[in-house]
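Structure data (compact mmCIF, C-alpha atoms) from target_4.txt:
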```txt
# COMPACT_ATOMS: atom_id res chain seq x y z
CA MET P 130 0.00 0.00 0.00
CA GLU P 131 2.78 2.36 0.98
CA GLN P 132 4.64 1.20 -2.08
CA LEU P 133 1.66 2.05 -4.26
CA HIS P 134 1.37 5.53 -2.83
CA HIS P 135 5.04 5.88 -3.34
CA LEU P 136 4.85 4.98 -7.01
CA GLU P 137 2.10 7.48 -7.53
CA ALA P 138 4.21 10.22 -6.03
CA ARG P 139 7.28 9.72 -8.14
CA MET P 140 8.64 12.63 -10.04
CA ARG P 141 7.97 13.30 -13.70
CA SER P 142 9.35 15.93 -15.99
CA CYS P 143 8.85 16.94 -19.59
CA THR P 144 10.59 19.48 -21.84
CA GLU P 145 9.28 20.98 -25.07
CA TYR P 146 10.46 23.77 -27.34
CA LEU P 147 8.11 25.89 -29.43
CA THR P 148 9.43 27.87 -32.39
CA ILE P 149 7.82 31.20 -33.20
CA LYS P 150 8.48 33.48 -36.15
CA THR P 151 6.42 36.65 -36.22
CA GLN P 152 5.60 38.61 -39.39
CA THR P 153 6.29 41.97 -37.77
CA ARG P 154 8.92 43.42 -35.43
CA SER P 155 6.50 43.52 -32.51
CA GLU P 156 3.71 41.02 -31.96
CA PHE P 157 1.78 39.23 -29.24
CA ARG P 158 0.72 35.59 -29.50
CA ASN P 159 -1.46 33.49 -27.21
CA LEU P 160 0.40 30.28 -26.32
CA THR P 161 -2.18 28.87 -23.88
CA PRO P 162 -3.66 26.14 -26.11
CA GLU P 163 -0.21 24.77 -26.95
CA ILE P 164 0.92 24.79 -23.33
CA GLU P 165 -2.29 23.03 -22.27
CA LYS P 166 -1.53 20.22 -24.72
CA ILE P 167 2.02 19.81 -23.41
CA VAL P 168 0.79 19.64 -19.80
CA ALA P 169 -1.86 17.05 -20.71
CA ALA P 170 0.72 14.90 -22.53
CA SER P 171 3.22 15.13 -19.65
CA GLY P 172 1.07 13.03 -17.31
CA VAL P 173 1.90 15.40 -14.43
CA LYS P 174 -1.00 15.73 -11.99
CA GLU P 175 0.45 18.13 -9.44
CA GLY P 176 3.40 20.33 -10.28
CA LEU P 177 4.81 23.42 -11.89
CA CYS P 178 5.04 24.51 -15.52
CA LEU P 179 7.79 26.94 -16.51
CA VAL P 180 7.34 28.78 -19.82
CA ASN P 181 10.16 31.11 -20.86
CA ALA P 182 11.43 32.96 -23.89
CA MET P 183 14.86 31.59 -24.84
CA HIS P 184 15.71 34.86 -26.58
CA ILE P 185 16.44 38.12 -24.83
CA THR P 186 14.30 40.48 -26.90
CA ALA P 187 11.07 38.56 -26.28
CA SER P 188 8.84 37.92 -23.27
CA VAL P 189 6.50 35.31 -21.90
CA TYR P 190 3.88 36.86 -19.62
CA ILE P 191 0.32 36.29 -18.46
CA ASN P 192 -2.48 38.74 -19.07
CA ASP P 193 -5.73 39.25 -20.96
CA ASN P 194 -6.43 38.09 -24.52
CA GLU P 195 -8.07 41.37 -25.53
CA SER P 196 -6.99 43.19 -28.69
CA GLY P 197 -7.36 46.69 -27.20
CA LEU P 198 -5.05 45.75 -24.33
CA LEU P 199 -2.45 44.29 -26.69
CA ALA P 200 -2.44 47.61 -28.61
CA ASP P 201 -2.15 49.47 -25.27
CA TYR P 202 0.88 47.36 -24.34
CA GLU P 203 2.49 48.15 -27.67
CA ASP P 204 1.98 51.94 -27.26
CA TRP P 205 3.01 51.95 -23.62
CA LEU P 206 6.22 49.98 -24.18
CA GLU P 207 7.10 52.24 -27.11
CA GLN P 208 6.71 55.20 -24.77
CA LEU P 209 8.83 53.61 -22.00
CA ALA P 210 11.58 52.47 -24.40
CA PRO P 211 11.24 54.03 -27.89
CA HIS P 212 12.72 52.16 -30.85
CA ALA P 213 13.92 55.34 -32.60
CA PRO P 214 16.26 57.06 -32.81
CA THR P 215 18.26 53.82 -32.63
CA SER P 216 21.37 55.89 -31.79
CA ARG P 217 19.76 56.42 -28.41
CA TYR P 218 21.03 53.03 -27.22
CA ARG P 219 24.71 52.18 -26.77
CA HIS P 220 23.81 48.54 -27.45
CA ASN P 221 23.08 49.54 -31.05
CA ARG P 222 26.72 50.52 -31.61
CA THR P 223 27.33 46.77 -31.97
CA GLY P 224 25.47 47.02 -35.30
CA GLU P 225 22.12 45.89 -33.83
CA ASP P 226 19.00 48.06 -33.89
CA ASN P 227 17.17 46.26 -31.08
CA GLY P 228 18.34 48.10 -27.95
CA ASP P 229 14.74 49.03 -27.18
CA ALA P 230 13.62 45.39 -27.40
CA HIS P 231 16.03 44.37 -24.60
CA LEU P 232 14.38 47.00 -22.37
CA LYS P 233 10.78 46.23 -23.34
CA ARG P 234 11.37 42.57 -22.55
CA GLN P 235 12.40 43.48 -18.97
CA VAL P 236 9.11 45.30 -18.37
CA MET P 237 7.04 42.35 -19.61
CA GLY P 238 9.28 39.64 -18.13
CA ARG P 239 11.08 36.52 -19.39
CA GLU P 240 9.02 33.74 -17.92
CA VAL P 241 5.95 32.54 -16.11
CA VAL P 242 5.63 29.68 -13.65
CA VAL P 243 2.13 28.21 -13.59
CA ALA P 244 0.75 25.67 -11.12
CA ILE P 245 -0.55 22.34 -12.42
CA THR P 246 -3.44 21.08 -10.29
CA ALA P 247 -5.45 17.94 -11.04
CA SER P 248 -3.56 17.53 -14.36
CA LYS P 249 -4.42 21.01 -15.65
CA LEU P 250 -2.89 24.50 -15.78
CA ASP P 251 -4.32 26.19 -12.70
CA LEU P 252 -5.13 29.55 -14.33
CA GLY P 253 -7.48 32.27 -13.15
CA PRO P 254 -10.58 33.09 -15.26
CA TRP P 255 -8.84 35.57 -17.59
CA GLU P 256 -5.23 34.39 -17.35
CA GLN P 257 -3.72 33.60 -20.75
CA ILE P 258 -0.07 32.79 -21.41
CA PHE P 259 1.31 35.19 -24.01
CA TYR P 260 4.46 35.44 -26.06
CA GLY P 261 5.54 39.05 -26.56
CA GLU P 262 7.93 39.67 -29.44
CA PHE P 263 9.87 42.93 -29.66
CA ASP P 264 12.41 42.07 -32.38
CA GLY P 265 10.80 39.45 -34.57
CA ARG P 266 10.78 38.31 -38.15
CA ARG P 267 13.18 35.44 -37.34
CA PRO P 268 12.62 32.07 -35.66
CA LYS P 269 12.83 32.14 -31.88
CA ARG P 270 12.25 29.47 -29.27
CA VAL P 271 10.11 29.19 -26.16
CA LEU P 272 10.93 26.53 -23.57
CA VAL P 273 8.22 24.64 -21.68
CA LYS P 274 9.33 22.57 -18.68
CA VAL P 275 6.87 20.55 -16.65
CA LEU P 276 7.95 19.17 -13.28
CA GLY P 277 5.81 17.33 -10.79
CA GLU P 278 4.24 14.05 -9.85
CA MET W 201 17.92 2.03 4.78
CA GLU W 202 17.80 2.94 1.13
CA GLN W 203 14.06 2.51 1.30
CA LEU W 204 13.87 4.91 4.23
CA HIS W 205 15.88 7.57 2.44
CA HIS W 206 13.68 6.98 -0.50
CA LEU W 207 10.52 7.56 1.47
CA GLU W 208 11.90 10.78 2.83
CA ALA W 209 12.67 12.00 -0.63
CA ARG W 210 9.25 11.40 -2.10
CA MET W 211 7.48 14.31 -3.62
CA ARG W 212 4.83 16.30 -1.87
CA SER W 213 2.64 19.07 -3.13
CA CYS W 214 0.00 21.33 -1.68
CA THR W 215 -2.35 23.90 -3.23
CA GLU W 216 -4.20 26.69 -1.47
CA TYR W 217 -6.25 29.65 -2.64
CA LEU W 218 -6.49 32.91 -0.73
CA THR W 219 -9.33 35.33 -1.40
CA ILE W 220 -8.67 39.04 -1.09
CA LYS W 221 -11.12 41.91 -1.35
CA THR W 222 -9.63 45.35 -0.90
CA GLN W 223 -11.56 48.42 0.27
CA THR W 224 -9.97 50.71 -2.31
CA ARG W 225 -9.07 50.50 -5.97
CA SER W 226 -5.36 50.28 -5.22
CA GLU W 227 -3.92 48.60 -2.12
CA PHE W 228 -0.93 46.58 -0.93
CA ARG W 229 -1.25 43.69 1.50
CA ASN W 230 1.44 41.63 3.23
CA LEU W 231 0.74 37.92 2.62
CA THR W 232 3.85 36.53 4.34
CA PRO W 233 2.24 35.22 7.55
CA GLU W 234 -0.44 33.34 5.59
CA ILE W 235 2.09 31.81 3.19
CA GLU W 236 4.29 30.75 6.11
CA LYS W 237 1.35 28.83 7.60
CA ILE W 238 0.64 27.05 4.32
CA VAL W 239 4.29 26.02 3.95
CA ALA W 240 4.40 24.73 7.54
CA ALA W 241 1.21 22.71 7.01
CA SER W 242 2.45 21.25 3.70
CA GLY W 243 5.16 19.16 5.35
CA VAL W 244 7.59 20.09 2.58
CA LYS W 245 11.17 20.37 3.85
CA GLU W 246 13.02 21.28 0.65
CA GLY W 247 11.20 22.73 -2.31
CA LEU W 248 9.65 25.67 -4.07
CA CYS W 249 6.64 27.79 -3.24
CA LEU W 250 4.84 29.58 -6.07
CA VAL W 251 2.55 32.47 -5.11
CA ASN W 252 0.65 34.16 -7.95
CA ALA W 253 -2.24 36.49 -8.52
CA MET W 254 -4.99 34.65 -10.41
CA HIS W 255 -6.35 37.95 -11.72
CA ILE W 256 -4.67 40.10 -14.33
CA THR W 257 -4.97 43.51 -12.68
CA ALA W 258 -3.16 42.45 -9.50
CA SER W 259 0.40 41.46 -8.62
CA VAL W 260 2.29 39.28 -6.21
CA TYR W 261 5.79 40.62 -5.59
CA ILE W 262 8.46 40.70 -2.89
CA ASN W 263 9.75 43.88 -1.31
CA ASP W 264 9.85 45.87 1.91
CA ASN W 265 6.97 46.21 4.38
CA GLU W 266 7.48 49.95 4.83
CA SER W 267 4.56 52.37 4.49
CA GLY W 268 6.60 55.11 2.78
CA LEU W 269 7.74 52.68 0.12
CA LEU W 270 4.19 51.45 -0.49
CA ALA W 271 3.11 55.08 -1.06
CA ASP W 272 6.11 55.54 -3.39
CA TYR W 273 5.05 52.51 -5.40
CA GLU W 274 1.54 53.90 -5.73
CA ASP W 275 2.78 57.31 -6.98
CA TRP W 276 5.36 55.80 -9.29
CA LEU W 277 2.96 53.36 -10.92
CA GLU W 278 0.41 56.13 -11.38
CA GLN W 279 3.11 58.10 -13.19
CA LEU W 280 4.12 55.16 -15.40
CA ALA W 281 0.52 54.21 -16.24
CA PRO W 282 -2.03 56.88 -15.20
CA HIS W 283 -5.58 55.78 -14.47
CA ALA W 284 -7.13 58.91 -16.02
CA PRO W 285 -8.18 59.88 -18.55
CA THR W 286 -9.59 56.37 -18.97
CA SER W 287 -10.08 57.10 -22.70
CA ARG W 288 -6.30 56.88 -22.93
CA TYR W 289 -6.49 53.08 -23.11
CA ARG W 290 -8.09 51.16 -25.96
CA HIS W 291 -8.84 48.36 -23.50
CA ASN W 292 -11.37 50.66 -21.84
CA ARG W 293 -13.49 50.75 -25.01
CA THR W 294 -14.73 47.32 -23.86
CA GLY W 295 -16.56 49.18 -21.09
CA GLU W 296 -13.86 48.59 -18.48
CA ASP W 297 -11.98 51.40 -16.76
CA ASN W 298 -8.98 49.34 -15.65
CA GLY W 299 -6.60 49.62 -18.62
CA ASP W 300 -3.99 51.18 -16.34
CA ALA W 301 -4.24 48.28 -13.88
CA HIS W 302 -3.23 45.76 -16.59
CA LEU W 303 -0.07 47.83 -17.18
CA LYS W 304 0.78 48.44 -13.52
CA ARG W 305 0.53 44.73 -12.86
CA GLN W 306 3.21 44.04 -15.51
CA VAL W 307 5.67 46.37 -13.77
CA MET W 308 5.15 44.72 -10.38
CA GLY W 309 4.84 41.17 -11.73
CA ARG W 310 2.35 38.30 -11.47
CA GLU W 311 4.16 35.84 -9.24
CA VAL W 312 7.04 34.99 -6.97
CA VAL W 313 8.81 31.67 -6.55
CA VAL W 314 10.36 31.28 -3.10
CA ALA W 315 12.71 28.54 -1.94
CA ILE W 316 11.70 26.34 0.99
CA THR W 317 14.73 25.27 3.02
CA ALA W 318 14.56 23.23 6.24
CA SER W 319 10.73 23.48 6.18
CA LYS W 320 10.65 27.29 6.01
CA LEU W 321 10.36 30.04 3.40
CA ASP W 322 13.97 30.93 2.67
CA LEU W 323 13.56 34.71 2.64
CA GLY W 324 16.20 37.41 3.03
CA PRO W 325 16.07 39.71 6.09
CA TRP W 326 13.64 42.25 4.59
CA GLU W 327 11.86 40.13 2.02
CA GLN W 328 8.08 40.15 2.45
CA ILE W 329 5.56 38.65 0.04
CA PHE W 330 3.06 41.31 -1.03
CA TYR W 331 -0.21 41.37 -2.89
CA GLY W 332 -0.57 44.50 -5.02
CA GLU W 333 -4.10 45.36 -6.08
CA PHE W 334 -4.71 47.86 -8.89
CA ASP W 335 -8.42 47.32 -9.54
CA GLY W 336 -9.92 46.13 -6.28
CA ARG W 337 -13.18 46.31 -4.37
CA ARG W 338 -14.15 42.82 -5.53
CA PRO W 339 -13.02 39.36 -4.40
CA LYS W 340 -9.88 38.08 -6.12
CA ARG W 341 -7.81 34.96 -5.63
CA VAL W 342 -4.15 34.23 -5.00
CA LEU W 343 -2.81 30.74 -5.66
CA VAL W 344 -0.16 29.15 -3.43
CA LYS W 345 1.48 25.97 -4.72
CA VAL W 346 4.11 24.13 -2.69
CA LEU W 347 6.19 21.44 -4.38
CA GLY W 348 9.07 19.53 -2.87
CA GLU W 349 10.10 16.70 -0.62
CA MET F 173 13.12 -2.99 -12.69
CA GLU F 174 10.30 -0.77 -11.49
CA GLN F 175 12.28 -0.22 -8.31
CA LEU F 176 15.32 0.86 -10.33
CA HIS F 177 13.34 3.35 -12.36
CA HIS F 178 11.92 4.58 -9.15
CA LEU F 179 15.32 5.23 -7.64
CA GLU F 180 16.37 7.14 -10.70
CA ALA F 181 13.34 9.36 -10.43
CA ARG F 182 13.70 10.29 -6.80
CA MET F 183 13.80 13.93 -5.93
CA ARG F 184 16.97 15.86 -5.27
CA SER F 185 17.44 19.39 -4.05
CA CYS F 186 20.37 21.65 -3.38
CA THR F 187 20.66 25.12 -1.86
CA GLU F 188 23.55 27.56 -2.17
CA TYR F 189 24.06 31.17 -1.19
CA LEU F 190 26.37 33.53 -3.08
CA THR F 191 27.62 36.70 -1.42
CA ILE F 192 28.19 39.76 -3.59
CA LYS F 193 29.67 43.10 -2.61
CA THR F 194 29.88 45.64 -5.41
CA GLN F 195 32.35 48.54 -5.51
CA THR F 196 29.76 51.03 -6.70
CA ARG F 197 26.14 51.84 -5.89
CA SER F 198 24.92 50.36 -9.15
CA GLU F 199 26.54 47.41 -10.91
CA PHE F 200 25.73 44.39 -13.03
CA ARG F 201 27.46 41.04 -12.60
CA ASN F 202 27.24 37.87 -14.67
CA LEU F 203 26.45 34.93 -12.36
CA THR F 204 26.12 32.25 -15.06
CA PRO F 205 29.44 30.42 -14.50
CA GLU F 206 28.79 30.11 -10.75
CA ILE F 207 25.23 28.87 -11.27
CA GLU F 208 26.44 26.33 -13.83
CA LYS F 209 28.85 24.90 -11.25
CA ILE F 210 26.12 24.61 -8.62
CA VAL F 211 23.82 22.80 -11.06
CA ALA F 212 26.59 20.39 -12.08
CA ALA F 213 27.39 19.63 -8.41
CA SER F 214 23.72 19.10 -7.53
CA GLY F 215 23.43 15.92 -9.60
CA VAL F 216 20.01 17.03 -10.85
CA LYS F 217 19.35 15.85 -14.40
CA GLU F 218 15.88 17.25 -15.02
CA GLY F 219 14.48 20.05 -12.91
CA LEU F 220 14.26 23.73 -12.10
CA CYS F 221 16.84 26.18 -10.82
CA LEU F 222 15.61 29.23 -8.90
CA VAL F 223 18.05 32.14 -8.58
CA ASN F 224 16.88 35.14 -6.54
CA ALA F 225 18.24 38.23 -4.86
CA MET F 226 17.68 37.95 -1.09
CA HIS F 227 17.81 41.75 -0.78
CA ILE F 228 15.10 44.09 -1.97
CA THR F 229 17.23 46.69 -3.74
CA ALA F 230 18.85 44.17 -6.12
CA SER F 231 17.66 42.00 -8.99
CA VAL F 232 18.41 38.72 -10.65
CA TYR F 233 17.41 38.75 -14.32
CA ILE F 234 18.39 37.18 -17.63
CA ASN F 235 19.62 39.16 -20.60
CA ASP F 236 22.65 39.84 -22.77
CA ASN F 237 26.25 40.11 -21.54
CA GLU F 238 27.01 43.18 -23.63
CA SER F 239 28.57 46.26 -22.06
CA GLY F 240 26.57 48.76 -24.15
CA LEU F 241 23.33 47.15 -23.03
CA LEU F 242 24.37 47.23 -19.38
CA ALA F 243 25.02 50.98 -19.72
CA ASP F 244 21.63 51.38 -21.44
CA TYR F 245 19.94 49.61 -18.53
CA GLU F 246 21.65 51.93 -16.08
CA ASP F 247 20.53 55.08 -17.97
CA TRP F 248 17.02 53.81 -18.55
CA LEU F 249 16.42 52.80 -14.95
CA GLU F 250 17.77 56.16 -13.78
CA GLN F 251 15.22 57.80 -16.05
CA LEU F 252 12.33 55.63 -14.82
CA ALA F 253 13.26 56.04 -11.13
CA PRO F 254 15.87 58.78 -10.54
CA HIS F 255 18.07 58.51 -7.46
CA ALA F 256 18.06 62.28 -6.81
CA PRO F 257 16.60 64.29 -5.31
CA THR F 258 16.34 61.66 -2.58
CA SER F 259 13.54 63.71 -0.97
CA ARG F 260 11.40 62.56 -3.90
CA TYR F 261 10.72 59.26 -2.14
CA ARG F 262 8.77 58.92 1.11
CA HIS F 263 10.76 55.78 1.85
CA ASN F 264 13.82 57.98 2.33
CA ARG F 265 12.20 59.71 5.32
CA THR F 266 13.22 56.58 7.25
CA GLY F 267 16.81 57.82 6.90
CA GLU F 268 17.58 55.66 3.87
CA ASP F 269 18.58 57.11 0.49
CA ASN F 270 17.68 54.04 -1.59
CA GLY F 271 14.01 54.65 -2.46
CA ASP F 272 14.91 54.58 -6.15
CA ALA F 273 16.64 51.20 -5.79
CA HIS F 274 13.41 49.57 -4.51
CA LEU F 275 11.69 50.77 -7.71
CA LYS F 276 14.48 49.84 -10.12
CA ARG F 277 14.53 46.36 -8.70
CA GLN F 278 10.83 45.90 -9.57
CA VAL F 279 11.48 46.74 -13.22
CA MET F 280 14.34 44.24 -13.50
CA GLY F 281 12.74 41.57 -11.28
CA ARG F 282 13.71 39.58 -8.18
CA GLU F 283 14.30 36.13 -9.58
CA VAL F 284 14.67 33.82 -12.51
CA VAL F 285 13.59 30.20 -12.82
CA VAL F 286 15.68 28.26 -15.32
CA ALA F 287 15.04 24.75 -16.62
CA ILE F 288 17.66 22.06 -16.08
CA THR F 289 17.71 19.59 -18.98
CA ALA F 290 20.19 16.71 -19.32
CA SER F 291 22.09 17.99 -16.24
CA LYS F 292 22.62 21.52 -17.63
CA LEU F 293 21.01 24.95 -17.46
CA ASP F 294 18.73 25.01 -20.49
CA LEU F 295 19.55 28.54 -21.66
CA GLY F 296 19.02 30.11 -25.07
CA PRO F 297 22.07 31.20 -27.11
CA TRP F 298 22.43 34.65 -25.52
CA GLU F 299 20.77 34.09 -22.16
CA GLN F 300 23.03 34.99 -19.25
CA ILE F 301 21.97 35.15 -15.59
CA PHE F 302 22.76 38.58 -14.18
CA TYR F 303 22.82 40.16 -10.76
CA GLY F 304 21.71 43.79 -10.86
CA GLU F 305 22.71 45.90 -7.88
CA PHE F 306 21.06 49.27 -7.24
CA ASP F 307 22.25 50.00 -3.70
CA GLY F 308 25.58 48.24 -3.30
CA ARG F 309 28.87 48.64 -1.46
CA ARG F 310 27.79 46.15 1.20
CA PRO F 311 27.58 42.34 1.20
CA LYS F 312 24.34 40.93 -0.18
CA ARG F 313 23.20 37.38 -0.82
CA VAL F 314 21.79 35.52 -3.80
CA LEU F 315 19.97 32.23 -3.25
CA VAL F 316 20.28 29.32 -5.67
CA LYS F 317 17.83 26.45 -5.24
CA VAL F 318 17.94 23.39 -7.47
CA LEU F 319 15.02 20.97 -7.44
CA GLY F 320 14.54 17.95 -9.65
CA GLU F 321 15.48 14.36 -10.26
```
Would you put the structure from the file into structure tokens?
Amino acid sequence: MEQLHHLEARMRSCTEYLTIKTQTRSEFRNLTPEIEKIVAASGVKEGLCLVNAMHITASVYINDNESGLLADYEDWLEQLAPHAPTSRYRHNRTGEDNGDAHLKRQVMGREVVVAITASKLDLGPWEQIFYGEFDGRRPKRVLVKVLGE
Amino acid sequence: MEQLHHLEARMRSCTEYLTIKTQTRSEFRNLTPEIEKIVAASGVKEGLCLVNAMHITASVYINDNESGLLADYEDWLEQLAPHAPTSRYRHNRTGEDNGDAHLKRQVMGREVVVAITASKLDLGPWEQIFYGEFDGRRPKRVLVKVLGE
Amino acid sequence: MEQLHHLEARMRSCTEYLTIKTQTRSEFRNLTPEIEKIVAASGVKEGLCLVNAMHITASVYINDNESGLLADYEDWLEQLAPHAPTSRYRHNRTGEDNGDAHLKRQVMGREVVVAITASKLDLGPWEQIFYGEFDGRRPKRVLVKVLGE
């Protein structure tokens, strides 16, 4: 009996990589359905799910899937860290033009950690997992790591 | 002997939901004592504790429990993402007036992950776990997930 | 056979504390090599690595190890939350002069959670784990917690 309980509580983990290539420099994409599938396939009943951008000019964050809000984020981030003039950022002296994207990503964050409860992402009513791209038009990866029992 | 060690190292998890209803639109609340109780009750000795807002106009973050600082945060966030005029945000065309709250929450963050060491939250000397509300006066939930051994 | 699998999948954890004392008020330091050593020594093959500042005027974040960018971060944070005049912050009425540092730290974040895959930090090509100090010149601690199998 103890042994059975024990087997049930053994650790499981699962790692997946999503590749995202946006059409425009800046774009938001809802990753929730894809993450839900990965969690279901992992067999983890109770645990944690880490979702992070693997690139440093993109974000993974949780907020509302509402088009007005996504436009507000875009305007607001442009105000906090304008793209132009690109000479504004010392980082751009390396030949890059994405200094602003490294700043925007800090405001929106690199990663989210979401609870898995009863085999599902334990999200609030409006919580959606978003990818935020600030220097797109090239393939970038998002890591999903599931850890639990 | 091996079996004993083994039993000690089996995984445990625990999930709790706190409900918070603030009196004012914007408010900060120290959650540390409640989280400490949940960790103690979980029986986890070594692990991680995730604490996240389940609503997208509120934050969970870690910083100082000092009233001057909390007032500074309020002023600073109002400067970075003013509430009024509410027409400033496209999100508010949906009939909401909380566009600013969705932005403020991104600055302060959705979640914290805290280490559990020797059965306790492994916090630095001034670290306190705070709930930051930016669109309150209605019940909202905070999720606490403990995972470890 | 089942028993063997079971042993392989038992949980491991490891906790380390780094102490950092910067020469200047504000400074960025690349922690990646130290974290890599801790992960290698932990014996964890699949899991999560939490790295967090234990002090509330410092950050742990992930971004590029490029000197121009680090200077851009410094300028940008100074613009978002200026140090002077120190009377600007109510927190400083306590006798402190680090009100700005508590705000800067919120923009850059407290912690990162990094996946461990095949016994290594599962970082993207340019991802480096940084310590960001905003009120230095005294010893401060960073916590590293590894949890996995």
Q. What residues in chain W have any atom no more than 10 Å from chain F when counting only C-alpha atoms, and can you write them as a PyMOL selection string?
A. chain W and resi 202-203+205-211+246-248+261-264+266-273+275-277+279-280+306-309+312-317+322-328+347-349
(Q) Just to confirm, what's the straight-line distance from CA of Thr222 (chain W) to CA of Pro339 (chain W) in Å (one decimal)? (A)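 Atom-to-atom, CA of Thr222 (chain W) and CA of Pro339 (chain W) are spaced 7.7 Å apart.
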Q. When you draw a straight line from CA of Arg310 (chain F) to CA of Lys193 (chain F), how long is it in Å?
A. 5.2 Å
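Our summary of the geometry notes that CA of Leu218 (chain W) is positioned 19.3 Å from CA of Val244 (chain W).
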Using all atoms listed in the file, determine which residues lie at most 8 Å from Asp335 (chain W), disregarding the query and same-chain residues fewer than 3 positions distant; provide the list as a tab-separated table (two decimals) with C-alpha atoms, keeping the file's coordinate frame.
```
chain	number	residue	atom	x	y	z
W	225	ARG	CA	-9.07	50.50	-5.97
W	226	SER	CA	-5.36	50.28	-5.22
W	257	THR	CA	-4.97	43.51	-12.68
W	258	ALA	CA	-3.16	42.45	-9.50
W	298	ASN	CA	-8.98	49.34	-15.65
W	301	ALA	CA	-4.24	48.28	-13.88
```
Q.
Taking all atoms listed in the file into account, name the residue in P:Thr161, P:Ser171, P:Thr215, P:Thr148 that is nearest to Ile258 (chain P).
A.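 The answer is P:Thr161, which sits nearest to Ile258 (chain P).
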